[in-house]
>>> print(open('data-v2.txt').read())   # compact mmCIF, C-alpha atoms
# COMPACT_ATOMS: atom_id res chain seq x y z
CA MET A 1 -61.18 -30.80 -16.68
CA THR A 2 -62.73 -33.97 -18.05
CA LEU A 3 -61.03 -35.71 -20.96
CA ARG A 4 -63.36 -37.24 -23.51
CA LEU A 5 -61.99 -40.20 -25.39
CA PRO A 6 -63.35 -41.33 -28.72
CA ALA A 7 -65.60 -44.36 -28.55
CA LEU A 8 -62.97 -46.60 -30.20
CA LEU A 9 -60.49 -45.82 -27.46
CA LEU A 10 -63.16 -46.57 -24.91
CA ALA A 11 -64.00 -49.77 -26.78
CA LEU A 12 -60.33 -50.72 -26.82
CA ALA A 13 -60.36 -50.24 -23.07
CA PHE A 14 -63.64 -51.91 -22.13
CA ILE A 15 -64.86 -54.40 -24.75
CA PRO A 16 -62.59 -57.23 -23.57
CA ALA A 17 -64.14 -56.89 -20.12
CA VAL A 18 -67.81 -56.28 -20.90
CA GLY A 19 -68.44 -57.38 -24.49
CA HIS A 20 -69.36 -55.10 -27.39
CA ALA A 21 -70.15 -51.59 -26.23
CA GLN A 22 -72.33 -50.86 -29.26
CA ALA A 23 -74.10 -52.70 -32.05
CA ALA A 24 -71.64 -54.44 -34.32
CA ALA A 25 -71.17 -52.95 -37.76
CA PRO A 26 -71.01 -55.35 -40.70
CA THR A 27 -67.51 -56.64 -41.38
CA PRO A 28 -66.19 -55.13 -44.61
CA ALA A 29 -64.65 -57.43 -47.22
CA GLY A 30 -61.36 -55.53 -47.43
CA VAL A 31 -58.78 -55.09 -50.15
CA ALA A 32 -55.33 -56.63 -50.46
CA ILE A 33 -52.48 -54.37 -49.33
CA SER A 34 -48.81 -55.26 -49.69
CA GLN A 35 -46.91 -56.18 -46.56
CA ALA A 36 -44.40 -53.42 -47.37
CA THR A 37 -47.18 -50.81 -47.33
CA LEU A 38 -48.53 -52.18 -44.04
CA ASP A 39 -45.01 -52.06 -42.58
CA GLU A 40 -44.73 -48.38 -43.56
CA LEU A 41 -47.91 -47.60 -41.61
CA ALA A 42 -46.68 -49.44 -38.51
CA GLY A 43 -45.60 -47.31 -35.58
CA THR A 44 -46.83 -45.57 -32.46
CA TYR A 45 -49.31 -42.73 -32.83
CA ARG A 46 -50.24 -40.46 -29.91
CA THR A 47 -53.70 -38.93 -29.37
CA PRO A 48 -54.15 -35.36 -28.06
CA GLN A 49 -54.85 -36.95 -24.65
CA GLY A 50 -51.41 -38.58 -24.78
CA ILE A 51 -52.72 -42.11 -25.32
CA PRO A 52 -50.31 -44.15 -27.46
CA LEU A 53 -51.86 -46.25 -30.21
CA ARG A 54 -49.55 -49.00 -31.40
CA VAL A 55 -50.02 -50.03 -35.04
CA TRP A 56 -48.26 -53.08 -36.46
CA ARG A 57 -48.46 -55.70 -39.18
CA GLU A 58 -49.20 -59.28 -38.26
CA GLY A 59 -49.03 -61.40 -41.40
CA THR A 60 -51.24 -59.64 -43.94
CA THR A 61 -53.25 -57.76 -41.30
CA LEU A 62 -52.73 -54.35 -39.74
CA LYS A 63 -53.54 -54.19 -36.02
CA VAL A 64 -54.08 -51.34 -33.57
CA GLN A 65 -53.85 -51.38 -29.80
CA ALA A 66 -54.22 -48.71 -27.14
CA GLU A 67 -51.60 -49.12 -24.43
CA GLY A 68 -52.52 -51.93 -22.02
CA GLN A 69 -55.64 -52.96 -23.97
CA ALA A 70 -56.68 -55.68 -26.41
CA ALA A 71 -55.64 -55.35 -30.06
CA TRP A 72 -58.05 -54.92 -32.97
CA ALA A 73 -57.40 -56.28 -36.47
CA LEU A 74 -58.15 -53.68 -39.14
CA VAL A 75 -59.69 -54.33 -42.56
CA ALA A 76 -58.17 -52.38 -45.45
CA GLU A 77 -60.54 -50.27 -47.53
CA SER A 78 -57.63 -48.69 -49.43
CA GLU A 79 -53.87 -48.35 -48.90
CA SER A 80 -54.47 -45.64 -46.30
CA SER A 81 -57.98 -46.25 -44.91
CA PHE A 82 -59.07 -49.10 -42.66
CA ALA A 83 -62.30 -50.24 -41.01
CA VAL A 84 -62.54 -51.53 -37.46
CA PRO A 85 -64.72 -54.67 -37.66
CA GLY A 86 -67.45 -54.77 -35.06
CA LEU A 87 -67.45 -50.99 -34.64
CA ASP A 88 -68.65 -48.19 -36.87
CA ALA A 89 -65.16 -46.69 -36.99
CA ARG A 90 -62.50 -45.95 -39.57
CA ILE A 91 -58.80 -45.20 -39.28
CA SER A 92 -57.17 -43.22 -42.08
CA PHE A 93 -53.46 -42.51 -42.32
CA GLY A 94 -52.10 -39.14 -43.42
CA PHE A 95 -48.69 -38.52 -44.93
CA ASP A 96 -46.05 -35.83 -44.52
CA ALA A 97 -44.40 -33.91 -47.37
CA SER A 98 -41.91 -36.74 -47.95
CA GLY A 99 -44.74 -39.28 -48.35
CA LYS A 100 -44.16 -41.03 -45.01
CA PRO A 101 -47.04 -41.70 -42.60
CA GLY A 102 -47.16 -38.83 -40.12
CA TYR A 103 -50.51 -39.27 -38.40
CA LEU A 104 -53.73 -41.23 -38.29
CA VAL A 105 -57.29 -40.01 -37.97
CA LEU A 106 -59.85 -42.07 -36.08
CA ARG A 107 -63.37 -41.27 -37.31
CA GLN A 108 -66.26 -42.49 -35.19
CA ASP A 109 -69.70 -41.11 -34.37
CA GLY A 110 -69.07 -38.11 -36.63
CA ARG A 111 -65.95 -37.13 -34.71
CA ASP A 112 -62.35 -37.17 -35.84
CA THR A 113 -59.42 -37.72 -33.50
CA LYS A 114 -55.95 -37.12 -34.92
CA ALA A 115 -53.03 -39.09 -33.47
CA ILE A 116 -49.51 -37.97 -34.39
CA ARG A 117 -46.81 -40.53 -35.14
CA ASP A 118 -44.01 -40.64 -32.54
>>> encode(input="data-v2.txt", output="structure tokens")
Amino acid sequence: MTLRLPALLLALAFIPAVGHAQAAAPTPAGVAISQATLDELAGTYRTPQGIPLRVWREGTTLKVQAEGQAAWALVAESESSFAVPGLDARISFGFDASGKPGYLVLRQDGRDTKAIRD
């Protein structure tokens, strides 16, 4: 059985070694999000393939990193949706019944990959 990883996960794995894997998307301007909101989104999210995605706040920026790979700074489009500069990809956070982040969805190339928070 062959596992297919979303392009962002592949980019997280290979761009540091070989440069941009696809044409760079324009960098969005972003919106200001409180550090408290960014802290709430921070955590480890696991893809269906078992790949952990670490999300954390660094200053006023949210970052994402696949285990053992380079980190990507995200640009906020709203309090729960973020662009990945240099890639045509978006990460949106979903919330459980209590209002806490429970998962993220990576959307790229018309495909969604849901990663559940550990």
>>> closest_residue(input="data-v2.txt", among="A:Thr113, A:Asp118, A:Gly30, A:Arg54", to="Leu74 of chain A", atoms="only C-alpha atoms")
A:Gly30
>>> closest_residue(input="data-v2.txt", among="A:Val55, A:Ala66, A:Gly110, A:Ser92", to="Glu79 of chain A", atoms="all atoms listed in the file")
A:Ser92
>>> atom_distance(input="data-v2.txt", atom1="atom CA of Glu58 of chain A", atom2="atom CA of Arg111 of chain A")
28.0 Å
>>> atom_distance(input="data-v2.txt", atom1="atom CA of Lys100 of chain A", atom2="atom CA of Ala70 of chain A")
26.8 Å
>>> closest_residue(input="data-v2.txt", among="A:Gln65, A:Thr47, A:Ser78, A:Thr60", to="Tyr103 of chain A", atoms="all atoms listed in the file")
A:Thr47
>>> atom_distance(input="data-v2.txt", atom1="atom CA of Pro85 of chain A", atom2="atom CA of Ala36 of chain A")
22.6 Å
>>> residues_near_point(input="data-v2.txt", point="(-52.0, -46.4, -25.7)", cutoff="9 Å", atoms="all atoms listed in the file", output="number ranges by chain")
A: 9, 44-47, 50-54, 65-69
>>> residues_around(input="data-v2.txt", residues="Gly94 of chain A", least_positions_apart="5", cutoff="8 Å", atoms="only C-alpha atoms", output="PyMOL selection string")
chain A and resi 80+101-105
>>> closest_residue(input="data-v2.txt", among="A:Asp109, A:Val31, A:Lys63, A:Arg117", to="Asp96 of chain A", atoms="all atoms listed in the file")
A:Arg117
>>> residues_around(input="data-v2.txt", residues="Leu62 of chain A", least_positions_apart="2", cutoff="9 Å", atoms="all atoms listed in the file", output="list in words")
Leu38, Asp39, Leu41, Ala42, Val55, Trp56, Arg57, Glu58, Gly59, Thr60, Val64, Trp72, Ala73, Leu74, Val75, Ala76 and Phe82 of chain A
>>> closest_residue(input="data-v2.txt", among="A:Gln49, A:Thr61, A:Asp112, A:Glu40", to="Arg90 of chain A", atoms="all atoms listed in the file")
A:Asp112
